[in-house]
2 protein chains.
Amino acid sequence: MSVETKTGYHHGNLRAQLVEAVRVLLEQKGPEGFSVSEASRLAGVSTAAPYKHFKDKPDIMRAVAMEGMCRLRSAMLESLERQSHRSLDRIIAIGRAYIGFARKEPGVFRMMFGQQDRDGVDADMQAAGEAAFDVLIAEVAAYMSKGLDDLDVRRNAYLLWTFVHGHAFLEIDQTMAPDGHKPDETYLLETITQRVLLVS
Amino acid sequence: MSVETKTGYHHGNLRAQLVEAVRVLLEQKGPEGFSVSEASRLAGVSTAAPYKHFKDKPDIMRAVAMEGMCRLRSAMLESLERQSHRSLDRIIAIGRAYIGFARKEPGVFRMMFGQQDRDGVDADMQAAGEAAFDVLIAEVAAYMSKGLDDLDVRRNAYLLWTFVHGHAFLEIDQTMAPDGHKPDETYLLETITQRVLLVS
DNA sequence: CCATGAAAGTTAGTATCTCTTACTTAACAT
DNA sequence: ATGTTAAGTAAGAGATACTAACTTTCATGG
């Protein structure tokens with residue numbers, strides 16, 4: 001968790017530690033509020049050192065986003081372990097994991113999605129995003145007893161995803177009223193899951 | 001549309017023109033890719049001039065976001081003009097306007113939501129966001145023949161909003177597959193509107 | 001066991017950016 | 001006319017992103 005400082009001349013672990021430092025700063029100060037220099041100081045190296053591992057600042061941000069997307073997928077998978085086979089609860093659990101991640105690391109979460117730099121998204125990032133989405137697809141397919149490529153499976157999974165994604169964003173950007181107007185999250189998850197999966 | 005340059009010593013319209021210049025640059029180069037200096041040059045003034053109108057860079061971004069939120073609300077309202085009274089199509093039209101705005105100005109759209117700077121969102125921004133949401137609330141209330149503060153109205157409106165918001169984001173961040181997997185938008189809007197409003 | 005090449009640091013420096021200070025211009029109210 | 005003040009400018013401090021050129025360390029083959 002803490003950012004360990006280096007020992008000798010060679011750091012040995014700088015790349016990973018920079019990503020971690022940037023992650024921490026991103027959450028603390030927001031996307032505009034921190035610098036590569038600051039991350040370097042946190043890691044205990046000179047301000048030029050990062051450029052041995054990354055092309056430029058966006059390249060670092062991409063690495064942070066990428067690592068976040070992998071962790072999101074892991075969290076989604078993990079949430080399934082405590083759920084019984086083929087119940088709606090499995091899908092709700094995925095939604096909770098997704099929203100939980102956004103709440104815990106809003107800075108990284110936003111970075112994971114707002115990334116494209118000129119003509120579209122990085123291919124690796126897109127693959128990672130699809131891998132996370134595939135976790136949901138698999139559960140929806142299992143619940144509906146249909147194949148992974150079935151059109152209704154993909155449609156329903158996408159509907160569920162848009163809902164959870166939208167709620168996660170509205171939750172971390174507090175554009176909604178301070179709370180008074182916002183429905184209970186459990187109610188939301190159960191309702192939307194039912195309306196998407198039980199009606200069709 | 002174009003950024004007119006100033007005439008005399010006093011610009012006369014600098015504040016508005018800076019907001020416009022930043023808006024253009026934001027769409028062209030992304031949130032990290034432009035500077036206040038650049039916007040100043042676009043407007044034909046010195047790089048110090050903006051600070052007569054804005055406290056700092058985040059203050060400018062806030063103004064851009066604010067102006068965007070007002071335009072979004074206008075677009076939502078406008079979309080209703082062509083719809084007959086009390087039909088589901090009115091709600092679909094609002095969704096289309098919302099998604100259309102995001103697609104047309106993804107940079108501003110992201111800025112409108114990812115704004116909070118330390119302890120929450122600017123109060124004005126929050127009010128503007130709620131004003132936009134209120135357009136949807138009013139239509140849902142009318143469709144359901146219930147009051148604006150009815151719990152079911154607010155729940156359903158929020159469900160619809162999360163869906164459209166999530167879809168808008170996934171659309172502009174192209175985290176999904178290039179198109180192949182993405183369901184048709186008209187299908188999505190109609191389906192979700194029906195499942196939220198017809199089932200309950 | 002040593003030489004050598006590459007990986008991964010460093011220092012120093014450039015161009016640019018944000019924002020401040022002190023000064024200047026012009027518009028307007030009285 | 002004149003004084004006040006809003007809204008510009010110029011100059012500069014401090015920080016940043018990134019590059020170039022140099023240095024240290026490690027790993028590896030002869």
# chains A, B, ... in the order shown; residues from 1 in each chain; ligands from 1

$ interface_residues --of "chain B" --to "chain C" --cutoff "12 Å" --atoms "only C-alpha atoms (C1' of nucleotides)" --output "JSON list (two decimals) with N, CA and C atoms, in the first residue's frame"
[["chain", "number", "residue", "atom", "x", "y", "z"],
["B", 8, "GLY", "N", -10.72, 46.96, -30.08],
["B", 8, "GLY", "CA", -9.92, 48.00, -29.47],
["B", 8, "GLY", "C", -9.09, 47.47, -28.32],
["B", 9, "TYR", "N", -8.77, 48.32, -27.42],
["B", 9, "TYR", "CA", -8.00, 47.90, -26.25],
["B", 9, "TYR", "C", -8.87, 47.03, -25.38],
["B", 10, "HIS", "N", -10.07, 47.47, -25.16],
["B", 10, "HIS", "CA", -10.98, 46.63, -24.39],
["B", 10, "HIS", "C", -11.73, 45.69, -25.31],
["B", 11, "HIS", "N", -11.80, 44.48, -24.88],
["B", 11, "HIS", "CA", -12.36, 43.43, -25.71],
["B", 11, "HIS", "C", -13.88, 43.51, -25.74],
["B", 12, "GLY", "N", -14.45, 43.67, -24.58],
["B", 12, "GLY", "CA", -15.89, 43.89, -24.52],
["B", 12, "GLY", "C", -16.68, 42.62, -24.29],
["B", 33, "GLY", "N", -4.98, 18.50, -23.11],
["B", 33, "GLY", "CA", -4.24, 18.91, -24.29],
["B", 33, "GLY", "C", -4.27, 20.38, -24.63],
["B", 34, "PHE", "N", -4.87, 21.19, -23.78],
["B", 34, "PHE", "CA", -4.91, 22.60, -24.12],
["B", 34, "PHE", "C", -4.56, 23.44, -22.89],
["B", 35, "SER", "N", -4.25, 24.71, -23.16],
["B", 35, "SER", "CA", -3.86, 25.61, -22.08],
["B", 35, "SER", "C", -4.69, 26.87, -22.12],
["B", 36, "VAL", "N", -4.73, 27.54, -20.99],
["B", 36, "VAL", "CA", -5.39, 28.84, -20.92],
["B", 36, "VAL", "C", -4.68, 29.81, -21.86],
["B", 37, "SER", "N", -3.37, 29.69, -21.93],
["B", 37, "SER", "CA", -2.61, 30.55, -22.84],
["B", 37, "SER", "C", -3.12, 30.41, -24.26],
["B", 38, "GLU", "N", -3.34, 29.18, -24.67],
["B", 38, "GLU", "CA", -3.79, 28.93, -26.03],
["B", 38, "GLU", "C", -5.15, 29.58, -26.27],
["B", 47, "THR", "N", -1.90, 36.59, -22.29],
["B", 47, "THR", "CA", -2.15, 35.40, -21.48],
["B", 47, "THR", "C", -2.58, 35.74, -20.06],
["B", 48, "ALA", "N", -2.47, 36.98, -19.69],
["B", 48, "ALA", "CA", -2.87, 37.38, -18.33],
["B", 48, "ALA", "C", -4.33, 37.83, -18.29],
["B", 49, "ALA", "N", -4.87, 38.14, -19.43],
["B", 49, "ALA", "CA", -6.23, 38.69, -19.49],
["B", 49, "ALA", "C", -7.30, 37.80, -18.84],
["B", 50, "PRO", "N", -7.23, 36.49, -19.05],
["B", 50, "PRO", "CA", -8.30, 35.64, -18.47],
["B", 50, "PRO", "C", -8.47, 35.82, -16.98],
["B", 51, "TYR", "N", -7.39, 36.18, -16.31],
["B", 51, "TYR", "CA", -7.46, 36.24, -14.84],
["B", 51, "TYR", "C", -8.17, 37.48, -14.34],
["B", 52, "LYS", "N", -8.59, 38.35, -15.26],
["B", 52, "LYS", "CA", -9.48, 39.44, -14.87],
["B", 52, "LYS", "C", -10.92, 38.95, -14.78],
["B", 54, "PHE", "N", -11.63, 35.27, -14.49],
["B", 54, "PHE", "CA", -11.72, 34.00, -13.77],
["B", 54, "PHE", "C", -10.63, 33.90, -12.73],
["B", 55, "LYS", "N", -10.95, 33.23, -11.64],
["B", 55, "LYS", "CA", -9.99, 33.08, -10.56],
["B", 55, "LYS", "C", -8.79, 32.26, -11.01],
["B", 56, "ASP", "N", -9.06, 31.11, -11.59],
["B", 56, "ASP", "CA", -7.97, 30.25, -12.06],
["B", 56, "ASP", "C", -8.51, 29.30, -13.13],
["B", 57, "LYS", "N", -7.69, 28.37, -13.54],
["B", 57, "LYS", "CA", -8.09, 27.48, -14.63],
["B", 57, "LYS", "C", -9.33, 26.65, -14.28],
["B", 58, "PRO", "N", -9.36, 26.02, -13.11],
["B", 58, "PRO", "CA", -10.58, 25.28, -12.76],
["B", 58, "PRO", "C", -11.83, 26.13, -12.81]]

$ closest_atom_pairs --of "chain A" --to "chain B" --cutoff "7 Å" --atoms "only C-alpha atoms" --output "JSON lines"
{"residue": "A:Phe113", "atom": "CA", "partner": "B:Asp173", "partner_atom": "CA", "distance": 5.8}
{"residue": "A:Gly114", "atom": "CA", "partner": "B:Asp173", "partner_atom": "CA", "distance": 6.0}
{"residue": "A:Gln116", "atom": "CA", "partner": "B:Asp173", "partner_atom": "CA", "distance": 6.8}
{"residue": "A:Gly120", "atom": "CA", "partner": "B:Gln174", "partner_atom": "CA", "distance": 6.9}
{"residue": "A:Val121", "atom": "CA", "partner": "B:Gln174", "partner_atom": "CA", "distance": 6.3}
{"residue": "A:Gln126", "atom": "CA", "partner": "B:Thr175", "partner_atom": "CA", "distance": 5.1}
{"residue": "A:Gly129", "atom": "CA", "partner": "B:Thr175", "partner_atom": "CA", "distance": 5.8}
{"residue": "A:Glu130", "atom": "CA", "partner": "B:Met176", "partner_atom": "CA", "distance": 6.4}
{"residue": "A:Arg155", "atom": "CA", "partner": "B:Pro183", "partner_atom": "CA", "distance": 6.1}
{"residue": "A:Thr162", "atom": "CA", "partner": "B:Gly166", "partner_atom": "CA", "distance": 4.4}
{"residue": "A:Phe163", "atom": "CA", "partner": "B:Phe163", "partner_atom": "CA", "distance": 4.3}
{"residue": "A:His165", "atom": "CA", "partner": "B:Gly166", "partner_atom": "CA", "distance": 5.0}
{"residue": "A:Gly166", "atom": "CA", "partner": "B:Gly166", "partner_atom": "CA", "distance": 3.6}
{"residue": "A:His167", "atom": "CA", "partner": "B:Thr162", "partner_atom": "CA", "distance": 5.0}
{"residue": "A:Asp173", "atom": "CA", "partner": "B:Phe113", "partner_atom": "CA", "distance": 5.9}
{"residue": "A:Gln174", "atom": "CA", "partner": "B:Val121", "partner_atom": "CA", "distance": 6.3}
{"residue": "A:Thr175", "atom": "CA", "partner": "B:Gln126", "partner_atom": "CA", "distance": 5.1}
{"residue": "A:Met176", "atom": "CA", "partner": "B:Glu130", "partner_atom": "CA", "distance": 6.4}
{"residue": "A:Pro183", "atom": "CA", "partner": "B:Arg155", "partner_atom": "CA", "distance": 6.1}
{"residue": "A:Arg195", "atom": "CA", "partner": "B:Arg195", "partner_atom": "CA", "distance": 5.9}

$ write_last_selection --atoms "C-alpha atoms" --output "mmCIF file, in the first residue's frame"
data_model
loop_
_atom_site.group_PDB
_atom_site.id
_atom_site.type_symbol
_atom_site.label_atom_id
_atom_site.label_comp_id
_atom_site.auth_asym_id
_atom_site.auth_seq_id
_atom_site.Cartn_x
_atom_site.Cartn_y
_atom_site.Cartn_z
ATOM 1 C CA PHE A 113 -13.211 5.355 -19.226
ATOM 2 C CA GLY A 114 -12.295 8.879 -20.269
ATOM 3 C CA GLN A 116 -9.152 7.873 -25.691
ATOM 4 C CA GLY A 120 -10.270 6.102 -30.409
ATOM 5 C CA VAL A 121 -9.252 4.043 -27.472
ATOM 6 C CA GLN A 126 -10.511 -1.886 -25.089
ATOM 7 C CA GLY A 129 -12.833 -3.449 -20.917
ATOM 8 C CA GLU A 130 -14.379 -6.215 -22.929
ATOM 9 C CA ARG A 155 -28.759 -6.971 -25.269
ATOM 10 C CA THR A 162 -25.479 0.849 -18.916
ATOM 11 C CA PHE A 163 -27.630 1.085 -15.831
ATOM 12 C CA HIS A 165 -22.347 2.308 -15.219
ATOM 13 C CA GLY A 166 -24.636 5.299 -15.199
ATOM 14 C CA HIS A 167 -25.511 4.895 -11.563
ATOM 15 C CA ASP A 173 -20.122 12.900 -9.455
ATOM 16 C CA GLN A 174 -22.638 14.185 -7.024
ATOM 17 C CA THR A 175 -24.744 15.911 -9.579
ATOM 18 C CA MET A 176 -27.839 14.547 -7.900
ATOM 19 C CA PRO A 183 -33.389 5.916 -4.252
ATOM 20 C CA ARG A 195 -37.090 -5.592 -15.056
#

$ select_by_dssp --residues "chain A" --states "alpha helix (DSSP H)" --output "ChimeraX atom specification"
/A:14-29,36-43,57-80,88-104,106-113,123-144,151-172,185-197

$ closest_atom_pairs --of "chain D" --to "chain A" --cutoff "10 Å" --atoms "only C-alpha atoms (C1' of nucleotides)" --output "CSV"
residue,atom,partner,partner_atom,distance
D:DA15,C1',A:Ser37,CA,9.4
D:DT16,C1',A:Ser35,CA,7.4
D:DA17,C1',A:Lys57,CA,7.9
D:DC18,C1',A:Asp56,CA,7.8
D:DT19,C1',A:Ala48,CA,9.3
D:DT24,C1',A:Tyr9,CA,7.1
D:DT25,C1',A:His10,CA,7.2
D:DC26,C1',A:His10,CA,9.5

$ write_last_selection --atoms "C-alpha atoms (C1' of nucleotides)" --output "PDB file, in the first residue's frame"
ATOM      1  C1'  DA D  15       6.542  24.576 -11.526  1.00  0.00           C
ATOM      2  C1'  DT D  16       6.071  21.341 -15.077  1.00  0.00           C
ATOM      3  C1'  DA D  17       6.903  18.002 -19.154  1.00  0.00           C
ATOM      4  C1'  DC D  18      10.219  16.257 -21.530  1.00  0.00           C
ATOM      5  C1'  DT D  19      15.136  15.768 -23.821  1.00  0.00           C
ATOM      6  C1'  DT D  24      26.115   3.521 -12.405  1.00  0.00           C
ATOM      7  C1'  DT D  25      24.924  -1.160 -12.050  1.00  0.00           C
ATOM      8  C1'  DC D  26      23.822  -5.659 -13.621  1.00  0.00           C
TER       9       DC D  26
END

$ atom_distance --atom1 "atom CA of Arg82 of chain A" --atom2 "atom CA of Glu20 of chain A"
28.8 Å

$ atom_distance --atom1 "atom CA of Met76 of chain A" --atom2 "atom CA of Ala21 of chain A"
24.2 Å

$ closest_residue --among "A:Leu136, A:Leu72, A:Ala142, A:Val153" --to "Ile91 of chain A" --atoms "only C-alpha atoms"
A:Leu136

$ residues_around --residues "Val135 of chain B" --least-positions-apart "3" --cutoff "9 Å" --atoms "only C-alpha atoms (C1' of nucleotides)" --output "PDB file with C-alpha atoms, in the first residue's frame"
ATOM      1  CA  ARG B  73     -31.240  21.222 -20.514  1.00  0.00           C
ATOM      2  CA  MET B  76     -33.879  18.279 -23.707  1.00  0.00           C
ATOM      3  CA  LEU B  77     -36.663  20.833 -23.582  1.00  0.00           C
ATOM      4  CA  ILE B  94     -35.385  13.352 -24.013  1.00  0.00           C
ATOM      5  CA  GLU B 130     -30.999  19.130 -11.022  1.00  0.00           C
ATOM      6  CA  ALA B 131     -32.737  21.578 -13.323  1.00  0.00           C
ATOM      7  CA  ALA B 132     -31.895  19.307 -16.245  1.00  0.00           C
ATOM      8  CA  ALA B 138     -41.821  16.381 -15.188  1.00  0.00           C
ATOM      9  CA  GLU B 139     -42.386  14.107 -18.167  1.00  0.00           C
ATOM     10  CA  VAL B 140     -42.356  10.945 -16.109  1.00  0.00           C
TER      11      VAL B 140
END

$ atom_distance --atom1 "atom CA of Asp89 of chain A" --atom2 "atom CA of Glu190 of chain A"
8.5 Å

$ decode --residues "segment 46-68 of chain B" --atoms "N, CA and C atoms" --output "JSON list (two decimals), in the first residue's frame"
[["chain", "number", "residue", "atom", "x", "y", "z"],
["B", 46, "SER", "N", -3.77, 38.99, -24.27],
["B", 46, "SER", "CA", -2.57, 38.52, -23.59],
["B", 46, "SER", "C", -2.92, 37.34, -22.68],
["B", 47, "THR", "N", -1.90, 36.59, -22.29],
["B", 47, "THR", "CA", -2.15, 35.40, -21.48],
["B", 47, "THR", "C", -2.58, 35.74, -20.06],
["B", 48, "ALA", "N", -2.47, 36.98, -19.69],
["B", 48, "ALA", "CA", -2.87, 37.38, -18.33],
["B", 48, "ALA", "C", -4.33, 37.83, -18.29],
["B", 49, "ALA", "N", -4.87, 38.14, -19.43],
["B", 49, "ALA", "CA", -6.23, 38.69, -19.49],
["B", 49, "ALA", "C", -7.30, 37.80, -18.84],
["B", 50, "PRO", "N", -7.23, 36.49, -19.05],
["B", 50, "PRO", "CA", -8.30, 35.64, -18.47],
["B", 50, "PRO", "C", -8.47, 35.82, -16.98],
["B", 51, "TYR", "N", -7.39, 36.18, -16.31],
["B", 51, "TYR", "CA", -7.46, 36.24, -14.84],
["B", 51, "TYR", "C", -8.17, 37.48, -14.34],
["B", 52, "LYS", "N", -8.59, 38.35, -15.26],
["B", 52, "LYS", "CA", -9.48, 39.44, -14.87],
["B", 52, "LYS", "C", -10.92, 38.95, -14.78],
["B", 53, "HIS", "N", -11.16, 37.79, -15.39],
["B", 53, "HIS", "CA", -12.54, 37.28, -15.44],
["B", 53, "HIS", "C", -12.73, 36.00, -14.65],
["B", 54, "PHE", "N", -11.63, 35.27, -14.49],
["B", 54, "PHE", "CA", -11.72, 34.00, -13.77],
["B", 54, "PHE", "C", -10.63, 33.90, -12.73],
["B", 55, "LYS", "N", -10.95, 33.23, -11.64],
["B", 55, "LYS", "CA", -9.99, 33.08, -10.56],
["B", 55, "LYS", "C", -8.79, 32.26, -11.01],
["B", 56, "ASP", "N", -9.06, 31.11, -11.59],
["B", 56, "ASP", "CA", -7.97, 30.25, -12.06],
["B", 56, "ASP", "C", -8.51, 29.30, -13.13],
["B", 57, "LYS", "N", -7.69, 28.37, -13.54],
["B", 57, "LYS", "CA", -8.09, 27.48, -14.63],
["B", 57, "LYS", "C", -9.33, 26.65, -14.28],
["B", 58, "PRO", "N", -9.36, 26.02, -13.11],
["B", 58, "PRO", "CA", -10.58, 25.28, -12.76],
["B", 58, "PRO", "C", -11.83, 26.13, -12.81],
["B", 59, "ASP", "N", -11.66, 27.41, -12.48],
["B", 59, "ASP", "CA", -12.81, 28.32, -12.52],
["B", 59, "ASP", "C", -13.33, 28.46, -13.95],
["B", 60, "ILE", "N", -12.41, 28.47, -14.91],
["B", 60, "ILE", "CA", -12.82, 28.53, -16.32],
["B", 60, "ILE", "C", -13.53, 27.24, -16.70],
["B", 61, "MET", "N", -12.94, 26.13, -16.30],
["B", 61, "MET", "CA", -13.55, 24.84, -16.65],
["B", 61, "MET", "C", -14.96, 24.74, -16.08],
["B", 62, "ARG", "N", -15.11, 25.26, -14.88],
["B", 62, "ARG", "CA", -16.43, 25.25, -14.26],
["B", 62, "ARG", "C", -17.44, 26.04, -15.10],
["B", 63, "ALA", "N", -16.98, 27.17, -15.60],
["B", 63, "ALA", "CA", -17.88, 27.99, -16.43],
["B", 63, "ALA", "C", -18.27, 27.25, -17.70],
["B", 64, "VAL", "N", -17.29, 26.54, -18.29],
["B", 64, "VAL", "CA", -17.59, 25.78, -19.50],
["B", 64, "VAL", "C", -18.60, 24.67, -19.20],
["B", 65, "ALA", "N", -18.38, 24.00, -18.08],
["B", 65, "ALA", "CA", -19.28, 22.91, -17.70],
["B", 65, "ALA", "C", -20.69, 23.44, -17.42],
["B", 66, "MET", "N", -20.72, 24.55, -16.74],
["B", 66, "MET", "CA", -22.00, 25.17, -16.39],
["B", 66, "MET", "C", -22.79, 25.53, -17.65],
["B", 67, "GLU", "N", -22.10, 26.16, -18.55],
["B", 67, "GLU", "CA", -22.75, 26.57, -19.80],
["B", 67, "GLU", "C", -23.23, 25.34, -20.56],
["B", 68, "GLY", "N", -22.43, 24.27, -20.52],
["B", 68, "GLY", "CA", -22.83, 23.03, -21.18],
["B", 68, "GLY", "C", -24.08, 22.44, -20.56]]
